[in-house]
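Everything below belongs to upload-v8.txt, which stores compact mmCIF, C-alpha atoms.
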```
# COMPACT_ATOMS: atom_id res chain seq x y z
CA MET K 280 0.00 0.00 0.00
CA GLU K 281 2.86 2.22 1.00
CA SER K 282 4.67 1.67 -2.28
CA LYS K 283 1.47 2.43 -4.24
CA ALA K 284 1.12 5.70 -2.35
CA SER K 285 4.75 6.65 -2.92
CA ILE K 286 4.43 5.81 -6.62
CA GLY K 287 1.31 8.04 -6.83
CA LYS K 288 3.16 10.82 -5.05
CA MET K 289 6.06 10.50 -7.41
CA ALA K 290 3.72 10.54 -10.38
CA ASP K 291 2.09 13.72 -9.08
CA GLU K 292 5.50 15.31 -8.57
CA PHE K 293 6.52 14.24 -12.07
CA LEU K 294 3.31 15.69 -13.48
CA GLN K 295 3.97 18.88 -11.55
CA VAL K 296 7.49 19.08 -12.95
CA PHE K 297 6.20 18.23 -16.41
CA LYS K 298 3.53 20.94 -16.19
CA LYS K 299 6.10 23.44 -15.00
CA GLY K 300 8.31 22.34 -17.89
CA GLU K 301 5.39 22.80 -20.24
CA GLU K 302 4.64 26.23 -18.83
CA PHE K 303 8.30 27.18 -19.02
CA THR K 304 8.47 25.99 -22.62
CA LYS K 305 5.32 28.00 -23.45
CA GLU K 306 6.85 31.05 -21.79
CA LEU K 307 10.08 30.50 -23.72
CA LEU K 308 8.16 30.23 -26.96
CA LYS K 309 6.22 33.38 -26.13
CA GLU K 310 9.38 35.24 -25.23
CA ASN K 311 10.98 34.00 -28.41
CA GLU K 312 8.00 35.23 -30.42
CA ARG K 313 8.17 38.60 -28.70
CA LEU K 314 11.86 38.89 -29.28
CA ARG K 315 11.49 37.96 -32.95
CA PHE K 316 8.81 40.59 -33.32
CA ARG K 317 11.03 43.14 -31.61
CA LEU K 318 13.91 42.15 -33.80
CA VAL K 319 11.80 42.73 -36.89
CA GLU K 320 10.72 46.06 -35.45
CA LEU K 321 14.30 47.04 -34.71
CA GLU K 322 15.45 45.94 -38.13
CA GLU K 323 12.73 48.02 -39.73
CA SER K 324 13.63 50.93 -37.50
CA VAL K 325 17.32 50.60 -38.34
CA ASN K 326 16.51 50.35 -42.01
CA ARG K 327 14.21 53.33 -41.77
CA SER K 328 16.72 55.49 -39.92
CA GLY K 329 19.54 54.37 -42.33
CA GLY K 330 17.46 55.39 -45.47
CA GLU K 331 16.74 58.78 -44.00
CA GLY K 332 20.42 59.29 -43.33
CA ARG K 333 21.22 58.26 -46.83
CA ALA K 334 18.46 60.48 -48.16
CA LYS K 335 19.87 63.37 -46.15
CA LEU K 336 23.31 62.59 -47.48
CA PHE K 337 21.96 62.46 -51.02
CA GLN K 338 20.06 65.68 -50.42
CA HIS K 339 23.27 67.41 -49.34
CA ARG K 340 25.11 65.95 -52.29
CA ILE K 341 22.37 67.14 -54.67
CA GLU K 342 22.50 70.61 -53.15
CA ASP K 343 26.30 70.69 -53.50
CA LEU K 344 26.08 69.51 -57.08
CA GLU K 345 23.37 72.03 -57.91
CA ALA K 346 25.53 74.79 -56.43
CA GLU K 347 28.45 73.48 -58.43
CA ILE K 348 26.31 73.41 -61.59
CA GLU K 349 25.24 77.01 -60.95
CA PHE K 350 28.86 78.01 -60.43
CA LEU K 351 29.91 76.19 -63.59
CA LYS K 352 27.00 77.73 -65.51
CA ASP K 353 28.11 81.21 -64.41
CA LYS K 354 31.68 80.35 -65.27
CA PHE K 355 30.57 78.97 -68.66
CA ILE K 356 28.58 82.14 -69.43
CA LYS K 357 31.60 84.25 -68.48
CA VAL K 358 33.94 82.11 -70.60
CA GLU K 359 31.47 82.25 -73.49
CA GLU K 360 31.35 86.04 -73.22
CA GLU K 361 35.13 86.11 -73.09
CA ASN K 362 35.22 83.82 -76.12
CA LYS K 363 32.90 86.15 -78.00
CA ASP K 364 35.16 89.07 -77.07
CA PHE K 365 38.17 87.09 -78.21
CA ALA K 366 36.44 86.14 -81.46
CA VAL K 367 35.58 89.79 -82.16
CA ARG K 368 39.11 90.82 -81.21
CA TYR K 369 40.53 88.04 -83.40
CA VAL K 370 38.52 89.28 -86.39
CA GLU K 371 39.71 92.83 -85.70
CA VAL K 372 43.33 91.71 -85.41
CA GLU K 373 42.97 89.63 -88.60
CA GLU K 374 41.55 92.63 -90.41
CA GLU K 375 44.29 94.86 -89.08
CA ASN K 376 46.86 92.25 -90.07
CA ASN K 377 45.43 92.07 -93.60
CA ASN K 378 45.37 95.85 -93.85
CA LEU K 379 48.98 96.03 -92.73
CA ALA K 380 49.88 93.36 -95.28
CA ASN K 381 48.23 95.47 -98.00
CA LEU K 382 50.10 98.58 -96.86
CA TYR K 383 53.36 96.67 -96.56
CA VAL K 384 53.05 95.21 -100.06
CA ALA K 385 52.09 98.58 -101.54
CA SER K 386 55.01 100.33 -99.84
CA TYR K 387 57.43 97.50 -100.71
CA GLN K 388 56.43 97.64 -104.37
CA LEU K 389 56.62 101.44 -104.56
CA HIS K 390 60.20 101.42 -103.32
CA SER K 391 61.27 98.33 -105.24
CA THR K 392 62.53 100.26 -108.27
CA LEU K 393 64.13 103.51 -109.35
CA ASP K 394 62.67 103.33 -112.84
CA PHE K 395 60.19 106.20 -113.24
CA ASN K 396 57.84 104.32 -115.60
CA GLU K 397 57.94 101.29 -113.33
CA VAL K 398 56.96 103.47 -110.35
CA LEU K 399 54.03 104.86 -112.34
CA ARG K 400 52.98 101.31 -113.27
CA ILE K 401 53.10 100.27 -109.61
CA ILE K 402 50.97 103.27 -108.59
CA LEU K 403 48.40 102.24 -111.21
CA GLU K 404 48.47 98.64 -109.95
CA ILE K 405 47.92 99.71 -106.36
CA VAL K 406 45.04 102.02 -107.22
CA ILE K 407 43.37 99.37 -109.42
CA ASN K 408 43.91 96.31 -107.25
CA LEU K 409 44.00 97.63 -103.73
CA VAL K 410 41.70 100.65 -103.93
CA GLY K 411 39.35 99.34 -106.63
CA ALA K 412 39.38 102.34 -108.97
CA GLU K 413 38.21 101.83 -112.54
CA LYS K 414 39.04 105.24 -114.05
CA PHE K 415 41.78 107.43 -112.69
CA ALA K 416 44.87 109.43 -113.60
CA VAL K 417 48.18 110.40 -112.07
CA PHE K 418 49.06 114.07 -112.55
CA LEU K 419 52.53 115.49 -111.95
CA MET K 420 53.50 119.10 -111.55
CA ASP K 421 55.30 120.73 -114.45
CA GLU K 422 57.54 123.25 -112.69
CA LYS K 423 58.06 125.24 -115.91
CA THR K 424 54.39 125.86 -116.71
CA ASN K 425 53.05 125.46 -113.14
CA GLU K 426 50.45 123.07 -114.51
CA LEU K 427 49.51 119.54 -113.60
CA LEU K 428 50.14 117.11 -116.46
CA PRO K 429 48.46 113.69 -116.67
CA VAL K 430 51.37 111.22 -116.91
CA ALA K 431 49.55 107.90 -116.45
CA ALA K 432 45.94 106.80 -116.52
CA GLU K 433 43.70 103.75 -116.29
CA GLY K 434 40.30 103.29 -117.92
CA VAL K 435 40.90 106.39 -120.00
CA SER K 436 43.71 107.59 -122.23
CA ALA K 437 46.08 110.09 -120.56
CA ALA K 438 45.97 112.12 -123.80
CA GLU K 439 42.22 112.71 -123.33
CA ILE K 440 42.66 114.19 -119.87
CA PRO K 441 43.03 117.99 -119.77
CA ARG K 442 45.83 119.63 -117.80
CA ALA K 443 44.93 121.35 -114.55
CA LYS K 444 46.06 124.72 -113.25
CA ILE K 445 47.05 125.26 -109.61
CA GLY K 446 44.20 126.77 -107.60
CA GLU K 447 41.61 126.02 -110.28
CA GLY K 448 38.98 123.31 -109.93
CA ILE K 449 39.18 120.32 -107.61
CA ILE K 450 42.57 119.09 -108.87
CA GLY K 451 44.11 122.56 -108.79
CA ASN K 452 42.83 123.25 -105.28
CA VAL K 453 44.01 119.90 -103.91
CA THR K 454 47.46 120.72 -105.32
CA LYS K 455 47.36 124.20 -103.80
CA ASP K 456 46.05 123.18 -100.34
CA GLY K 457 47.62 119.73 -100.08
CA GLU K 458 44.38 118.30 -98.66
CA SER K 459 42.65 115.20 -100.07
CA TYR K 460 39.24 115.59 -101.66
CA PHE K 461 36.44 113.01 -101.31
CA SER K 462 33.10 113.42 -103.05
CA GLN K 463 29.92 112.94 -100.99
CA ASP K 464 28.71 110.24 -103.37
CA MET K 465 31.38 107.62 -104.02
CA ASN K 466 29.18 105.80 -106.53
CA ALA K 467 28.83 108.85 -108.72
CA LYS K 468 30.94 109.20 -111.86
CA GLY K 469 33.45 111.98 -112.01
CA ASP K 470 33.78 114.21 -115.04
CA ILE K 471 37.18 113.80 -116.66
CA LEU K 472 36.87 116.67 -119.14
CA LYS K 473 35.62 119.12 -116.53
CA GLY K 474 38.36 118.03 -114.14
CA GLU K 475 35.88 116.82 -111.53
CA PRO K 476 37.06 113.61 -109.87
CA ILE K 477 35.27 111.80 -107.04
CA VAL K 478 38.55 111.47 -105.14
CA CYS K 479 41.72 113.51 -105.43
CA ILE K 480 44.82 112.67 -103.40
CA PRO K 481 47.83 114.98 -103.30
CA LEU K 482 51.28 113.41 -103.74
CA LYS K 483 53.30 115.21 -101.10
CA ILE K 484 56.89 115.29 -99.96
CA LYS K 485 56.51 116.92 -96.56
CA GLU K 486 54.32 119.91 -97.47
CA HIS K 487 55.44 120.14 -101.07
CA VAL K 488 52.83 118.78 -103.51
CA ILE K 489 54.44 117.20 -106.59
CA GLY K 490 51.25 115.86 -108.15
CA VAL K 491 47.87 114.22 -107.52
CA ILE K 492 46.00 110.97 -108.07
CA SER K 493 42.59 111.75 -109.46
CA ILE K 494 39.90 109.03 -109.34
CA TYR K 495 36.83 109.37 -111.61
CA ALA K 496 35.06 106.02 -111.11
CA LEU K 497 35.22 102.96 -108.89
CA PHE K 498 34.53 99.35 -109.92
CA ILE K 499 30.88 98.34 -109.59
CA GLN K 500 31.70 96.01 -106.70
CA LYS K 501 33.40 98.83 -104.80
CA LYS K 502 30.55 100.56 -102.99
CA ASN K 503 32.45 102.66 -100.46
CA PHE K 504 35.83 103.25 -98.91
CA THR K 505 37.00 101.38 -95.84
CA ASN K 506 39.60 102.35 -93.26
CA VAL K 507 42.34 100.59 -95.19
CA ASP K 508 41.49 102.65 -98.28
CA TYR K 509 42.11 105.87 -96.37
CA GLU K 510 45.34 104.36 -95.01
CA LEU K 511 46.30 103.48 -98.58
CA PHE K 512 45.56 107.02 -99.72
CA ASN K 513 47.79 108.34 -96.92
CA LEU K 514 50.49 105.88 -97.94
CA LEU K 515 50.17 106.86 -101.59
CA ALA K 516 50.29 110.55 -100.69
CA GLY K 517 53.69 110.10 -99.07
CA HIS K 518 55.36 106.97 -100.45
CA ALA K 519 54.21 107.35 -104.05
CA ALA K 520 55.42 110.94 -103.99
CA THR K 521 58.90 110.02 -102.75
CA ALA K 522 59.07 107.04 -105.13
CA VAL K 523 58.09 109.26 -108.09
CA PHE K 524 60.47 112.03 -107.01
CA SER K 525 63.48 109.79 -106.42
CA SER K 526 62.92 107.77 -109.60
CA ARG K 527 62.65 111.00 -111.58
CA LEU K 528 65.88 112.29 -110.06
CA TYR K 529 67.57 108.96 -110.68
CA THR K 530 66.44 108.92 -114.34
CA GLN K 531 67.67 112.50 -114.79
CA SER K 532 71.01 111.75 -113.15
CA GLU K 533 71.36 108.60 -115.26
CA ARG K 534 70.76 110.69 -118.36
CA LYS K 535 73.30 113.28 -117.22
CA LEU K 536 75.77 110.58 -116.36
CA THR K 537 75.41 109.08 -119.83
CA THR K 538 75.98 112.52 -121.38
CA LEU K 539 79.02 113.16 -119.19
CA GLN K 540 80.35 109.71 -119.96
CA SER K 541 80.03 110.43 -123.68
CA PHE K 542 81.98 113.67 -123.24
CA LEU K 543 84.64 111.88 -121.27
CA ASP K 544 84.87 109.20 -123.93
CA LEU K 545 85.24 111.91 -126.57
CA LEU K 546 87.98 113.61 -124.57
CA LYS K 547 89.79 110.31 -124.07
CA GLU K 548 89.84 109.61 -127.79
CA LYS K 549 93.20 110.31 -129.33
CA PRO K 550 93.14 113.22 -131.73
CA LYS K 551 93.39 112.06 -135.36
CA ARG K 552 96.30 113.34 -137.33
CA MET P 247 51.04 70.05 -98.47
CA PRO P 248 48.72 71.97 -100.85
CA VAL P 249 50.55 73.53 -103.77
CA ILE P 250 48.83 76.75 -104.89
CA LEU P 251 49.53 78.35 -108.26
CA VAL P 252 48.96 82.11 -108.30
CA VAL P 253 48.47 83.39 -111.86
CA GLU P 254 48.56 87.18 -111.90
CA ASP P 255 50.33 89.73 -114.09
CA SER P 256 50.57 92.36 -111.36
CA PRO P 257 53.61 91.78 -109.10
CA THR P 258 51.83 93.73 -106.36
CA MET P 259 48.85 91.36 -106.44
CA ARG P 260 51.09 88.29 -106.72
CA GLN P 261 52.94 89.37 -103.61
CA LEU P 262 49.73 90.19 -101.77
CA ILE P 263 48.07 86.85 -102.62
CA SER P 264 51.23 84.91 -101.79
CA PHE P 265 51.34 86.77 -98.49
CA ALA P 266 47.75 85.76 -97.75
CA MET P 267 48.43 82.13 -98.67
CA LYS P 268 51.02 81.92 -95.90
CA ARG P 269 48.02 81.57 -93.59
CA ILE P 270 47.09 78.26 -95.24
CA PRO P 271 48.93 75.66 -93.17
CA ASP P 272 51.80 73.88 -94.93
CA SER P 273 50.94 75.44 -98.26
CA LYS P 274 53.45 76.13 -101.01
CA VAL P 275 52.89 78.98 -103.47
CA ILE P 276 54.11 79.02 -107.06
CA GLU P 277 53.71 82.20 -109.10
CA ALA P 278 52.97 82.67 -112.79
CA SER P 279 52.65 86.00 -114.60
CA ASP P 280 50.13 84.91 -117.29
CA GLY P 281 48.22 81.92 -118.70
CA VAL P 282 51.11 80.56 -120.76
CA ASP P 283 53.48 80.78 -117.80
CA ALA P 284 50.80 79.00 -115.71
CA LEU P 285 50.60 76.09 -118.20
CA LYS P 286 54.38 75.71 -118.00
CA LYS P 287 54.22 75.59 -114.20
CA LEU P 288 51.37 73.06 -114.38
CA SER P 289 53.48 70.70 -116.46
CA SER P 290 56.43 70.88 -114.10
CA GLU P 291 54.72 70.70 -110.71
CA LYS P 292 51.74 68.92 -109.16
CA ILE P 293 49.30 71.75 -108.44
CA ASP P 294 46.37 71.42 -105.99
CA LEU P 295 44.68 74.77 -106.56
CA ILE P 296 44.89 77.66 -109.02
CA LEU P 297 44.17 81.31 -108.18
CA ALA P 298 43.93 83.17 -111.49
CA ASP P 299 43.33 86.71 -112.61
CA ILE P 300 41.20 87.25 -115.74
CA ASN P 301 42.81 90.28 -117.40
CA MET P 302 46.35 89.24 -118.20
CA PRO P 303 48.63 89.69 -121.21
CA VAL P 304 49.68 86.76 -123.47
CA MET P 305 46.88 84.48 -122.24
CA ASN P 306 44.00 85.65 -120.08
CA GLY P 307 42.40 83.76 -117.20
CA LEU P 308 39.30 82.66 -119.13
CA LYS P 309 41.39 81.06 -121.89
CA LEU P 310 43.54 79.42 -119.21
CA ILE P 311 40.58 77.90 -117.39
CA SER P 312 39.02 76.61 -120.61
CA LEU P 313 42.33 74.89 -121.54
CA ILE P 314 42.65 73.42 -118.05
CA ARG P 315 39.12 72.00 -118.15
CA GLU P 316 39.76 70.40 -121.54
CA ASP P 317 42.93 68.67 -120.38
CA ASN P 318 42.45 65.32 -118.62
CA ALA P 319 45.62 65.82 -116.61
CA TYR P 320 44.51 69.12 -115.10
CA LYS P 321 40.73 69.27 -115.38
CA SER P 322 40.12 68.27 -111.75
CA ILE P 323 42.26 71.10 -110.35
CA PRO P 324 40.02 73.68 -108.64
CA VAL P 325 40.32 77.23 -109.97
CA ILE P 326 39.42 80.44 -108.12
CA MET P 327 39.15 83.52 -110.31
CA ILE P 328 40.32 86.81 -108.77
CA THR P 329 39.43 89.76 -110.96
CA THR P 330 38.38 93.39 -111.21
CA GLU P 331 35.43 92.31 -113.41
CA GLY P 332 32.51 92.57 -111.04
CA ALA P 333 29.61 92.29 -113.49
CA GLN P 334 27.28 89.30 -113.15
CA GLU P 335 27.78 88.23 -116.78
CA ASP P 336 31.57 88.03 -116.21
CA ARG P 337 30.98 85.91 -113.15
CA ASN P 338 28.55 83.65 -115.05
CA ARG P 339 31.01 83.27 -117.94
CA ALA P 340 33.83 82.22 -115.61
CA MET P 341 31.62 79.82 -113.67
CA ALA P 342 30.32 78.30 -116.92
CA LEU P 343 33.90 77.66 -118.01
CA GLY P 344 34.48 75.73 -114.79
CA ALA P 345 35.66 78.17 -112.14
CA ASN P 346 35.07 76.92 -108.60
CA ALA P 347 34.82 80.38 -107.08
CA TYR P 348 34.84 83.96 -108.29
CA LEU P 349 36.27 86.76 -106.15
CA THR P 350 36.45 90.40 -107.11
CA LYS P 351 39.20 92.94 -106.46
CA PRO P 352 40.02 94.62 -104.23
CA ILE P 353 40.19 91.24 -102.53
CA GLN P 354 39.14 90.71 -98.95
CA THR P 355 41.92 88.54 -97.56
CA GLN P 356 39.61 86.66 -95.16
CA GLU P 357 37.23 85.89 -98.00
CA LEU P 358 40.11 84.58 -100.12
CA ILE P 359 41.49 82.44 -97.29
CA LYS P 360 38.02 81.01 -96.61
CA ALA P 361 37.46 80.16 -100.28
CA VAL P 362 40.87 78.46 -100.50
CA THR P 363 40.40 76.59 -97.21
CA ASP P 364 36.93 75.36 -98.21
CA ILE P 365 38.13 74.08 -101.56
CA ILE P 366 41.19 72.35 -100.10
CA ALA P 367 39.02 70.75 -97.39
CA ALA P 368 36.53 69.52 -99.98
CA LYS P 369 39.23 67.81 -102.08
```

Starting from the file, lay out its structure as structure tokens.
Amino acid sequence: MESKASIGKMADEFLQVFKKGEEFTKELLKENERLRFRLVELEESVNRSGGEGRAKLFQHRIEDLEAEIEFLKDKFIKVEEENKDFAVRYVEVEEENNNLANLYVASYQLHSTLDFNEVLRIILEIVINLVGAEKFAVFLMDEKTNELLPVAAEGVSAAEIPRAKIGEGIIGNVTKDGESYFSQDMNAKGDILKGEPIVCIPLKIKEHVIGVISIYALFIQKKNFTNVDYELFNLLAGHAATAVFSSRLYTQSERKLTTLQSFLDLLKEKPKR
Amino acid sequence: MPVILVVEDSPTMRQLISFAMKRIPDSKVIEASDGVDALKKLSSEKIDLILADINMPVMNGLKLISLIREDNAYKSIPVIMITTEGAQEDRNRAMALGANAYLTKPIQTQELIKAVTDIIAAK
């Protein structure tokens, strides 16, 4: 009987322990469930807070980049403006360079010879090719008669051009005053017989006028004068004058030298007996 | 290296054009004083481009271009006319004979350089 009672007691104790074990297991499972839920919550929270941080970081980065873009845009606009300035300046320098080349070539050619006729030919070439004149004449002062004689012409025969007297008409007044004459209407035709050019440039050595270039018509494609044309006229006024003057002197001295040489040769000849 | 033949009777213009052609990179300029002289230069040198005046003694620019266009050896060489003749009929005549461009004097250097550069680039 005693053993049956002790066995029953033991069974009760075992059941008690088993129940406690069951309860403990249930509690463990519950705790585990809670912890898993918490873990998920924490993970979500961590993820959420990490995304915001990243978003903030990206936001800052975007703001920096936008500021940089604005800065670069400003810089680009400034560089573009500078480029435009440079382009304009480049065109101006190119034009100036071309003008200087024209003036250099004209001056080089004018002083490339001491032959009077060659100098006249070069003056004609410059006025035709660089100025764009179709009809014009070169007058030189005849010191004996005090008249201006046409010595070379283009587009018209020099023989058809009347002489001009100092102080009379456009040509005469340009010679007297030493100031260039430019007609109001460059496309008009000058009157050769009346001595009315559209442009008249004095050929001057310092203040002494030795002749003029008288232009009566420009080529149809030449509508007006540019800065380089006026520079060319200034160059012609001075350089053509000195080239004409020196070539004339040289030709005269050559002629005198030939005459003197002939005399010397005659003197050197042994007298015939 | 483009070889450019400048055909012009005026030494002033020859010098001026040759001066302008220095701006064409690596170019070489050969000068001729008229059409006949130009044909001689064509037979002795390989020319890439011709710049020719119209009014020249011995043989003018129009005769020169017509001879060039008839000759199989030279007919593909581009020719730019540079002349004082500004009338439309003169331009049409030169273009009909086979000119590639027609520029009038007084020449604008930039315009000339552009015409030359365009033609060399198109070759």

Practice problem: Tell me which of K:Glu422, K:Glu322, K:Glu331, K:Asp343 sits closest to Ile489 of chain K, counting all atoms listed in the file. | Solution: K:Glu422

Kindly determine which residues of chain P lie within 7 Å of chain K, considering all atoms listed in the file, and give the answer as a PDB file with C-alpha atoms, in the frame of the given file.
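Output below, filename part_20.pdb:
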```
ATOM      1  CA  SER P 256      50.570  92.360-111.360  1.00  0.00           C
ATOM      2  CA  THR P 258      51.830  93.730-106.360  1.00  0.00           C
ATOM      3  CA  GLN P 261      52.940  89.370-103.610  1.00  0.00           C
ATOM      4  CA  LEU P 262      49.730  90.190-101.770  1.00  0.00           C
ATOM      5  CA  GLY P 332      32.510  92.570-111.040  1.00  0.00           C
ATOM      6  CA  LYS P 351      39.200  92.940-106.460  1.00  0.00           C
ATOM      7  CA  PRO P 352      40.020  94.620-104.230  1.00  0.00           C
ATOM      8  CA  THR P 355      41.920  88.540 -97.560  1.00  0.00           C
TER       9      THR P 355
END
```

Quiz item: Using all atoms listed in the file, what residues lie at most 6 Å away from (38.7, 116.1, -110.4) (file coordinates), given as a list in words?
Solution: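 With a cut-off of 6 Å, the residues come to Ile449, Ile450, Gly474, Glu475, Pro476 and Ser493 of chain K.
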
Quiz item: Ile492 of chain K: which residues within 6 Å, counting all atoms listed in the file, same-chain residues fewer than 4 positions away excluded, as a list in words?
Solution: Ala416, Val417, Cys479 and Ile480 of chain K

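If you look at atom CA of Ala496 of chain K and atom CA of Gln463 of chain K, they are 13.3 Å away from each other.
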
Quiz item: Which is closer to Tyr460 of chain K than all the others in K:Arg313, K:Gly434, K:Ile494, K:Gly446, using only C-alpha atoms?
Solution: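 When distances to Tyr460 of chain K are compared using only C-alpha atoms, the smallest one comes from K:Ile494.
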
Quiz item: Of the residues P:Ser279, P:Met341, P:Val325, P:Asn346, which is the one nearest to Met259 of chain P, using all atoms listed in the file?
Solution: P:Ser279

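Atom pair atom CA of Pro324 of chain P / atom CA of Ala340 of chain P has a distance of 12.6 Å (rounded to one decimal).
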
Pro303 of chain P: which residues within 9 Å, counting all atoms listed in the file, same-chain residues fewer than 6 positions away excluded, as a PDB file with C-alpha atoms, keeping the file's coordinate frame?
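Okay, around_8.pdb is ready:
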```pdb
ATOM      1  CA  ASP P 255      50.330  89.730-114.090  1.00  0.00           C
ATOM      2  CA  SER P 279      52.650  86.000-114.600  1.00  0.00           C
ATOM      3  CA  ASP P 280      50.130  84.910-117.290  1.00  0.00           C
ATOM      4  CA  GLY P 281      48.220  81.920-118.700  1.00  0.00           C
TER       5      GLY P 281
END
```

Quiz item: Between K:Glu347, K:Leu403, K:Leu497, K:Leu379, which one has atoms that come closest to Thr330 of chain P, using all atoms listed in the file?
Solution: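 Nearest to Thr330 of chain P: K:Leu497.
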
Self-check item: Top pick for closest residue to Ser264 of chain P, considering P:Leu297, P:Lys309, P:Asp283, P:Asn318 and counting all atoms listed in the file
Solution: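 Checking each of P:Leu297, P:Lys309, P:Asp283, P:Asn318 against Ser264 of chain P, counting all atoms listed in the file, the winner is P:Leu297.
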
Practice problem: Extract, using only C-alpha atoms, all DNA, RNA and protein residues at most 12 Å from Asp421 of chain K, discarding same-chain residues fewer than 6 positions from it, and format them as a ChimeraX atom specification. | Solution: /K:427-430,442-445,488-490

Practice problem: Could you tell me which of P:Ile353, P:Met247, P:Ile366, P:Ala284 comes closest to Val304 of chain P if we count all atoms listed in the file? | Solution: P:Ala284

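One distance worth recording is that between atom CA of Leu251 of chain P and atom CA of Asp336 of chain P, which is 21.9 Å.
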
Can you sort out the box for segment 471-477 of chain K, edges along x, y and z, all listed atoms in, 6 Å on every side, with centre and edge lengths in Å to one decimal, as AutoDock Vina command-line options?
```
--center_x 36.8 --center_y 115.5 --center_z -113.1 --size_x 15.1 --size_y 19.3 --size_z 24.1
```

Practice problem: Determine, counting all atoms listed in the file, which protein, DNA and RNA residues have an atom within 12 Å of an atom of Glu291 of chain P; residues of the same chain fewer than 2 positions away are not included. Present the result as a list in words. | Solution: Pro248, Val249, Ile250, Leu251, Lys274, Val275, Ile276, Glu277, Ala284, Leu285, Lys286, Lys287, Leu288, Ser289, Ile293, Asp294, Leu295, Ala319 and Tyr320 of chain P

Exercise. Could you give me, as a ChimeraX atom specification, the residues within 10 Å of Pro481 of chain K, counting all atoms listed in the file and dropping anything in the same chain fewer than 5 positions from it?
Key: /K:417-419,450,452-460,487-493,512-513,515-517,519-520
